[in-house]
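K.L.:
Here you go, this is final07.pdb (PDB, C-alpha atoms).
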```
MODEL        1
ATOM      1  CA  MET A   1      41.117 143.568  80.996  1.00  0.00           C
ATOM      2  CA  ASN A   2      44.377 143.269  82.926  1.00  0.00           C
ATOM      3  CA  ASP A   3      44.514 147.022  83.451  1.00  0.00           C
ATOM      4  CA  VAL A   4      40.981 147.084  84.827  1.00  0.00           C
ATOM      5  CA  LEU A   5      41.710 144.261  87.270  1.00  0.00           C
ATOM      6  CA  ASP A   6      44.934 145.940  88.371  1.00  0.00           C
ATOM      7  CA  GLU A   7      43.081 149.224  88.905  1.00  0.00           C
ATOM      8  CA  LEU A   8      40.274 147.495  90.788  1.00  0.00           C
ATOM      9  CA  TYR A   9      42.846 145.782  92.997  1.00  0.00           C
ATOM     10  CA  GLU A  10      44.546 149.108  93.740  1.00  0.00           C
ATOM     11  CA  VAL A  11      41.199 150.682  94.651  1.00  0.00           C
ATOM     12  CA  ALA A  12      40.484 147.738  96.959  1.00  0.00           C
ATOM     13  CA  LEU A  13      43.831 148.211  98.700  1.00  0.00           C
ATOM     14  CA  GLU A  14      43.178 151.937  99.012  1.00  0.00           C
ATOM     15  CA  ARG A  15      39.744 151.314 100.569  1.00  0.00           C
ATOM     16  CA  ARG A  16      41.254 148.822 102.975  1.00  0.00           C
ATOM     17  CA  GLN A  17      43.918 151.300 104.080  1.00  0.00           C
ATOM     18  CA  ASN A  18      41.667 154.366 104.034  1.00  0.00           C
ATOM     19  CA  PRO A  19      38.055 153.316 104.599  1.00  0.00           C
ATOM     20  CA  LYS A  20      35.302 155.508 103.135  1.00  0.00           C
ATOM     21  CA  GLU A  21      31.914 155.795 104.789  1.00  0.00           C
ATOM     22  CA  GLY A  22      29.248 153.930 102.832  1.00  0.00           C
ATOM     23  CA  SER A  23      31.718 151.985 100.677  1.00  0.00           C
ATOM     24  CA  TYR A  24      30.597 148.426  99.901  1.00  0.00           C
ATOM     25  CA  THR A  25      34.247 147.415  99.543  1.00  0.00           C
ATOM     26  CA  CYS A  26      34.974 148.735 103.048  1.00  0.00           C
ATOM     27  CA  TYR A  27      31.913 146.898 104.343  1.00  0.00           C
ATOM     28  CA  LEU A  28      33.267 143.615 102.985  1.00  0.00           C
ATOM     29  CA  PHE A  29      36.717 144.175 104.502  1.00  0.00           C
ATOM     30  CA  ASP A  30      35.118 145.132 107.803  1.00  0.00           C
ATOM     31  CA  LYS A  31      33.003 141.963 107.889  1.00  0.00           C
ATOM     32  CA  GLY A  32      36.028 139.805 107.103  1.00  0.00           C
ATOM     33  CA  ILE A  33      36.940 136.735 105.140  1.00  0.00           C
ATOM     34  CA  ASP A  34      33.785 134.744 105.932  1.00  0.00           C
ATOM     35  CA  LYS A  35      31.541 137.428 104.400  1.00  0.00           C
ATOM     36  CA  ILE A  36      33.881 137.876 101.430  1.00  0.00           C
ATOM     37  CA  LEU A  37      33.931 134.129 100.739  1.00  0.00           C
ATOM     38  CA  LYS A  38      30.154 133.933 101.090  1.00  0.00           C
ATOM     39  CA  LYS A  39      29.827 136.605  98.397  1.00  0.00           C
ATOM     40  CA  VAL A  40      32.345 134.812  96.140  1.00  0.00           C
ATOM     41  CA  GLY A  41      30.253 131.647  96.452  1.00  0.00           C
ATOM     42  CA  GLU A  42      26.993 133.475  95.783  1.00  0.00           C
ATOM     43  CA  GLU A  43      28.396 135.220  92.730  1.00  0.00           C
ATOM     44  CA  ALA A  44      29.895 131.980  91.390  1.00  0.00           C
ATOM     45  CA  SER A  45      26.486 130.315  91.671  1.00  0.00           C
ATOM     46  CA  GLU A  46      24.764 133.256  90.004  1.00  0.00           C
ATOM     47  CA  THR A  47      27.336 133.151  87.193  1.00  0.00           C
ATOM     48  CA  ILE A  48      26.625 129.472  86.607  1.00  0.00           C
ATOM     49  CA  ILE A  49      22.876 130.076  86.504  1.00  0.00           C
ATOM     50  CA  ALA A  50      23.238 133.037  84.144  1.00  0.00           C
ATOM     51  CA  ALA A  51      25.446 131.021  81.791  1.00  0.00           C
ATOM     52  CA  LYS A  52      23.003 128.128  81.885  1.00  0.00           C
ATOM     53  CA  ASN A  53      20.158 130.516  81.016  1.00  0.00           C
ATOM     54  CA  GLY A  54      22.115 131.664  77.985  1.00  0.00           C
ATOM     55  CA  VAL A  55      21.567 135.421  78.274  1.00  0.00           C
ATOM     56  CA  LYS A  56      24.913 136.973  77.456  1.00  0.00           C
ATOM     57  CA  GLU A  57      24.279 140.332  79.149  1.00  0.00           C
ATOM     58  CA  ASP A  58      23.241 138.621  82.400  1.00  0.00           C
ATOM     59  CA  THR A  59      26.254 136.327  82.274  1.00  0.00           C
ATOM     60  CA  VAL A  60      28.632 139.241  81.689  1.00  0.00           C
ATOM     61  CA  GLY A  61      27.112 141.071  84.656  1.00  0.00           C
ATOM     62  CA  GLU A  62      27.480 138.054  86.934  1.00  0.00           C
ATOM     63  CA  ILE A  63      31.054 137.411  85.786  1.00  0.00           C
ATOM     64  CA  SER A  64      31.815 141.052  86.606  1.00  0.00           C
ATOM     65  CA  ASP A  65      30.310 140.638  90.086  1.00  0.00           C
ATOM     66  CA  LEU A  66      32.313 137.444  90.615  1.00  0.00           C
ATOM     67  CA  LEU A  67      35.578 139.040  89.484  1.00  0.00           C
ATOM     68  CA  TYR A  68      34.986 142.024  91.777  1.00  0.00           C
ATOM     69  CA  HIS A  69      34.464 139.772  94.789  1.00  0.00           C
ATOM     70  CA  LEU A  70      37.478 137.641  93.837  1.00  0.00           C
ATOM     71  CA  VAL A  71      39.607 140.794  93.720  1.00  0.00           C
ATOM     72  CA  ILE A  72      38.375 141.756  97.199  1.00  0.00           C
ATOM     73  CA  MET A  73      39.265 138.263  98.418  1.00  0.00           C
ATOM     74  CA  MET A  74      42.699 138.549  96.831  1.00  0.00           C
ATOM     75  CA  ALA A  75      43.348 141.915  98.461  1.00  0.00           C
ATOM     76  CA  ASN A  76      42.200 140.561 101.810  1.00  0.00           C
ATOM     77  CA  GLU A  77      44.543 137.577 101.513  1.00  0.00           C
ATOM     78  CA  GLY A  78      47.556 139.458 100.129  1.00  0.00           C
ATOM     79  CA  ILE A  79      47.335 137.832  96.696  1.00  0.00           C
ATOM     80  CA  THR A  80      48.151 140.233  93.878  1.00  0.00           C
ATOM     81  CA  PRO A  81      46.997 140.180  90.268  1.00  0.00           C
ATOM     82  CA  ALA A  82      50.676 139.634  89.398  1.00  0.00           C
ATOM     83  CA  ASP A  83      50.645 136.444  91.516  1.00  0.00           C
ATOM     84  CA  VAL A  84      47.681 135.112  89.560  1.00  0.00           C
ATOM     85  CA  LYS A  85      49.114 136.196  86.203  1.00  0.00           C
ATOM     86  CA  ALA A  86      52.411 134.459  87.029  1.00  0.00           C
ATOM     87  CA  GLU A  87      50.596 131.227  87.910  1.00  0.00           C
ATOM     88  CA  LEU A  88      48.518 131.382  84.741  1.00  0.00           C
ATOM     89  CA  GLY A  89      51.688 132.007  82.738  1.00  0.00           C
ATOM     90  CA  ARG A  90      53.393 129.039  84.397  1.00  0.00           C
ATOM     91  CA  ARG A  91      50.445 126.817  83.594  1.00  0.00           C
ATOM     92  CA  HIS A  92      50.303 128.078  80.025  1.00  0.00           C
ATOM     93  CA  GLN A  93      53.892 126.907  79.499  1.00  0.00           C
ATOM     94  CA  LYS A  94      53.061 123.306  80.479  1.00  0.00           C
ATOM     95  CA  GLU A  95      52.784 120.704  77.770  1.00  0.00           C
ATOM     96  CA  GLY A  96      49.266 119.293  77.923  1.00  0.00           C
ATOM     97  CA  ASN A  97      46.558 120.311  80.343  1.00  0.00           C
ATOM     98  CA  LEU A  98      45.145 117.000  81.556  1.00  0.00           C
ATOM     99  CA  LYS A  99      46.062 115.775  85.006  1.00  0.00           C
ATOM    100  CA  LYS A 100      47.719 112.400  84.921  1.00  0.00           C
ATOM    101  CA  PHE A 101      46.151 109.683  86.993  1.00  0.00           C
ATOM    102  CA  HIS A 102      48.299 106.871  88.281  1.00  0.00           C
ATOM    103  CA  GLN A 103      46.728 103.465  88.388  1.00  0.00           C
ATOM    104  CA  VAL A 104      47.573 101.526  91.506  1.00  0.00           C
ATOM    105  CA  ASP A 105      48.919  98.033  90.876  1.00  0.00           C
ATOM    106  CA  LYS A 106      47.022  95.909  93.361  1.00  0.00           C
ATOM    107  CA  ASN A 107      49.504  93.043  92.958  1.00  0.00           C
ATOM    108  CA  THR A 108      52.388  94.942  94.567  1.00  0.00           C
TER
ENDMDL
END
```
Would you mind writing the file out in structure tokens?

P.N.:
Amino acid sequence: MNDVLDELYEVALERRQNPKEGSYTCYLFDKGIDKILKKVGEEASETIIAAKNGVKEDTVGEISDLLYHLVIMMANEGITPADVKAELGRRHQKEGNLKKFHQVDKNT
């Protein structure tokens, strides 16, 4: 999957640099970050609903839509797949995954 995301990211950058008439990707870049973020939110919601409905094919389709829009957002914001992979790798190296909560001592 990494290769596909990298390729999709490269296509997004190419469309941003060299817009093509009728390209949905170019449309999103042209409309800007607010439109891109709106689509990310919509696709995230649709992914949740599809997963809740339990139809694998629908969920896979919605995850694909969400990932596409996330890649467009990344390209718009100058965040590369390598940036995300590095952060995931850093997190993977941590011991334990739960956030630690500090209790406040009200006597001090």

K.L.:
Quick one, how far is atom CA of A:Ala44 from atom CA of A:Asp65?

P.N.:
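Pair atom CA of A:Ala44 / atom CA of A:Asp65 returns 8.8 Å.
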
K.L.:
For this structure, which residues satisfy the selection - the PyMOL selection byres ((chain A and resi 16-20) around 12) - when it is evaluated on the file as given? I want them as a PDB file with C-alpha atoms, in the coordinates of the input.

P.N.:
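Written file, expr20.pdb:
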```pdb
ATOM      1  CA  TYR A   9      42.846 145.782  92.997  1.00  0.00           C
ATOM      2  CA  GLU A  10      44.546 149.108  93.740  1.00  0.00           C
ATOM      3  CA  VAL A  11      41.199 150.682  94.651  1.00  0.00           C
ATOM      4  CA  ALA A  12      40.484 147.738  96.959  1.00  0.00           C
ATOM      5  CA  LEU A  13      43.831 148.211  98.700  1.00  0.00           C
ATOM      6  CA  GLU A  14      43.178 151.937  99.012  1.00  0.00           C
ATOM      7  CA  ARG A  15      39.744 151.314 100.569  1.00  0.00           C
ATOM      8  CA  GLU A  21      31.914 155.795 104.789  1.00  0.00           C
ATOM      9  CA  GLY A  22      29.248 153.930 102.832  1.00  0.00           C
ATOM     10  CA  SER A  23      31.718 151.985 100.677  1.00  0.00           C
ATOM     11  CA  TYR A  24      30.597 148.426  99.901  1.00  0.00           C
ATOM     12  CA  THR A  25      34.247 147.415  99.543  1.00  0.00           C
ATOM     13  CA  CYS A  26      34.974 148.735 103.048  1.00  0.00           C
ATOM     14  CA  TYR A  27      31.913 146.898 104.343  1.00  0.00           C
ATOM     15  CA  LEU A  28      33.267 143.615 102.985  1.00  0.00           C
ATOM     16  CA  PHE A  29      36.717 144.175 104.502  1.00  0.00           C
ATOM     17  CA  ASP A  30      35.118 145.132 107.803  1.00  0.00           C
ATOM     18  CA  LYS A  31      33.003 141.963 107.889  1.00  0.00           C
ATOM     19  CA  GLY A  32      36.028 139.805 107.103  1.00  0.00           C
ATOM     20  CA  ILE A  72      38.375 141.756  97.199  1.00  0.00           C
ATOM     21  CA  MET A  73      39.265 138.263  98.418  1.00  0.00           C
ATOM     22  CA  ALA A  75      43.348 141.915  98.461  1.00  0.00           C
ATOM     23  CA  ASN A  76      42.200 140.561 101.810  1.00  0.00           C
ATOM     24  CA  GLU A  77      44.543 137.577 101.513  1.00  0.00           C
ATOM     25  CA  GLY A  78      47.556 139.458 100.129  1.00  0.00           C
TER      26      GLY A  78
END
```

K.L.:
Given the choices A:Asp83, A:Glu43, A:Ile48, A:Leu88, which gets closest to A:Ser64 if the distance is worked out from all atoms listed in the file?

P.N.:
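Result for the nearest residue to A:Ser64: A:Glu43.
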
K.L.:
With 5 Å of padding per side, what axis-aligned box (centre and edge lengths, Å, one decimal) covers all the listed atoms of stretch 82-90 of chain A? Give it as lines of an AutoDock Vina configuration file.

P.N.:
```
center_x = 50.5
center_y = 134.3
center_z = 87.1
size_x = 15.7
size_y = 20.6
size_z = 18.8
```

K.L.:
When the PyMOL selection byres ((chain A and resi 41) around 12) is applied to the file above, which residues end up in the set, as number ranges by chain?

P.N.:
A: 34-40, 42-48, 62, 65-67, 69-70, 73

K.L.:
Got time to write the residues from that selection, C-alpha atoms, as a compact mmCIF listing (two decimals), in the coordinates of the input?

P.N.:
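Contents of part02.txt, as written:
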```
# COMPACT_ATOMS: atom_id res chain seq x y z
CA ASP A 34 33.78 134.74 105.93
CA LYS A 35 31.54 137.43 104.40
CA ILE A 36 33.88 137.88 101.43
CA LEU A 37 33.93 134.13 100.74
CA LYS A 38 30.15 133.93 101.09
CA LYS A 39 29.83 136.60 98.40
CA VAL A 40 32.34 134.81 96.14
CA GLU A 42 26.99 133.48 95.78
CA GLU A 43 28.40 135.22 92.73
CA ALA A 44 29.90 131.98 91.39
CA SER A 45 26.49 130.32 91.67
CA GLU A 46 24.76 133.26 90.00
CA THR A 47 27.34 133.15 87.19
CA ILE A 48 26.62 129.47 86.61
CA GLU A 62 27.48 138.05 86.93
CA ASP A 65 30.31 140.64 90.09
CA LEU A 66 32.31 137.44 90.62
CA LEU A 67 35.58 139.04 89.48
CA HIS A 69 34.46 139.77 94.79
CA LEU A 70 37.48 137.64 93.84
CA MET A 73 39.26 138.26 98.42
```

K.L.:
Quick check on the file I pasted: which residues fall under the PyMOL selection byres ((chain A and resi 81) around 10)? Write them as an NGL selection string.

P.N.:
:A and (2-3 or 5-10 or 71 or 74-75 or 78-80 or 82-87)

K.L.:
Any chance you can output those residues with C-alpha atoms as a PDB file, in the coordinates of the input?

P.N.:
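Final output, part13.pdb:
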```
ATOM      1  CA  ASN A   2      44.377 143.269  82.926  1.00  0.00           C
ATOM      2  CA  ASP A   3      44.514 147.022  83.451  1.00  0.00           C
ATOM      3  CA  LEU A   5      41.710 144.261  87.270  1.00  0.00           C
ATOM      4  CA  ASP A   6      44.934 145.940  88.371  1.00  0.00           C
ATOM      5  CA  GLU A   7      43.081 149.224  88.905  1.00  0.00           C
ATOM      6  CA  LEU A   8      40.274 147.495  90.788  1.00  0.00           C
ATOM      7  CA  TYR A   9      42.846 145.782  92.997  1.00  0.00           C
ATOM      8  CA  GLU A  10      44.546 149.108  93.740  1.00  0.00           C
ATOM      9  CA  VAL A  71      39.607 140.794  93.720  1.00  0.00           C
ATOM     10  CA  MET A  74      42.699 138.549  96.831  1.00  0.00           C
ATOM     11  CA  ALA A  75      43.348 141.915  98.461  1.00  0.00           C
ATOM     12  CA  GLY A  78      47.556 139.458 100.129  1.00  0.00           C
ATOM     13  CA  ILE A  79      47.335 137.832  96.696  1.00  0.00           C
ATOM     14  CA  THR A  80      48.151 140.233  93.878  1.00  0.00           C
ATOM     15  CA  ALA A  82      50.676 139.634  89.398  1.00  0.00           C
ATOM     16  CA  ASP A  83      50.645 136.444  91.516  1.00  0.00           C
ATOM     17  CA  VAL A  84      47.681 135.112  89.560  1.00  0.00           C
ATOM     18  CA  LYS A  85      49.114 136.196  86.203  1.00  0.00           C
ATOM     19  CA  ALA A  86      52.411 134.459  87.029  1.00  0.00           C
ATOM     20  CA  GLU A  87      50.596 131.227  87.910  1.00  0.00           C
TER      21      GLU A  87
END
```

K.L.:
For atom CA of A:Ile63 and atom CA of A:Ile33, determine how far apart the two atoms are, in Å to one decimal place.

P.N.:
20.2 Å

K.L.:
Atom CA of A:Gly89 to atom CA of A:Thr59: how many Å, to one decimal?

P.N.:
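Computing it gives 25.8 Å between the two atoms.
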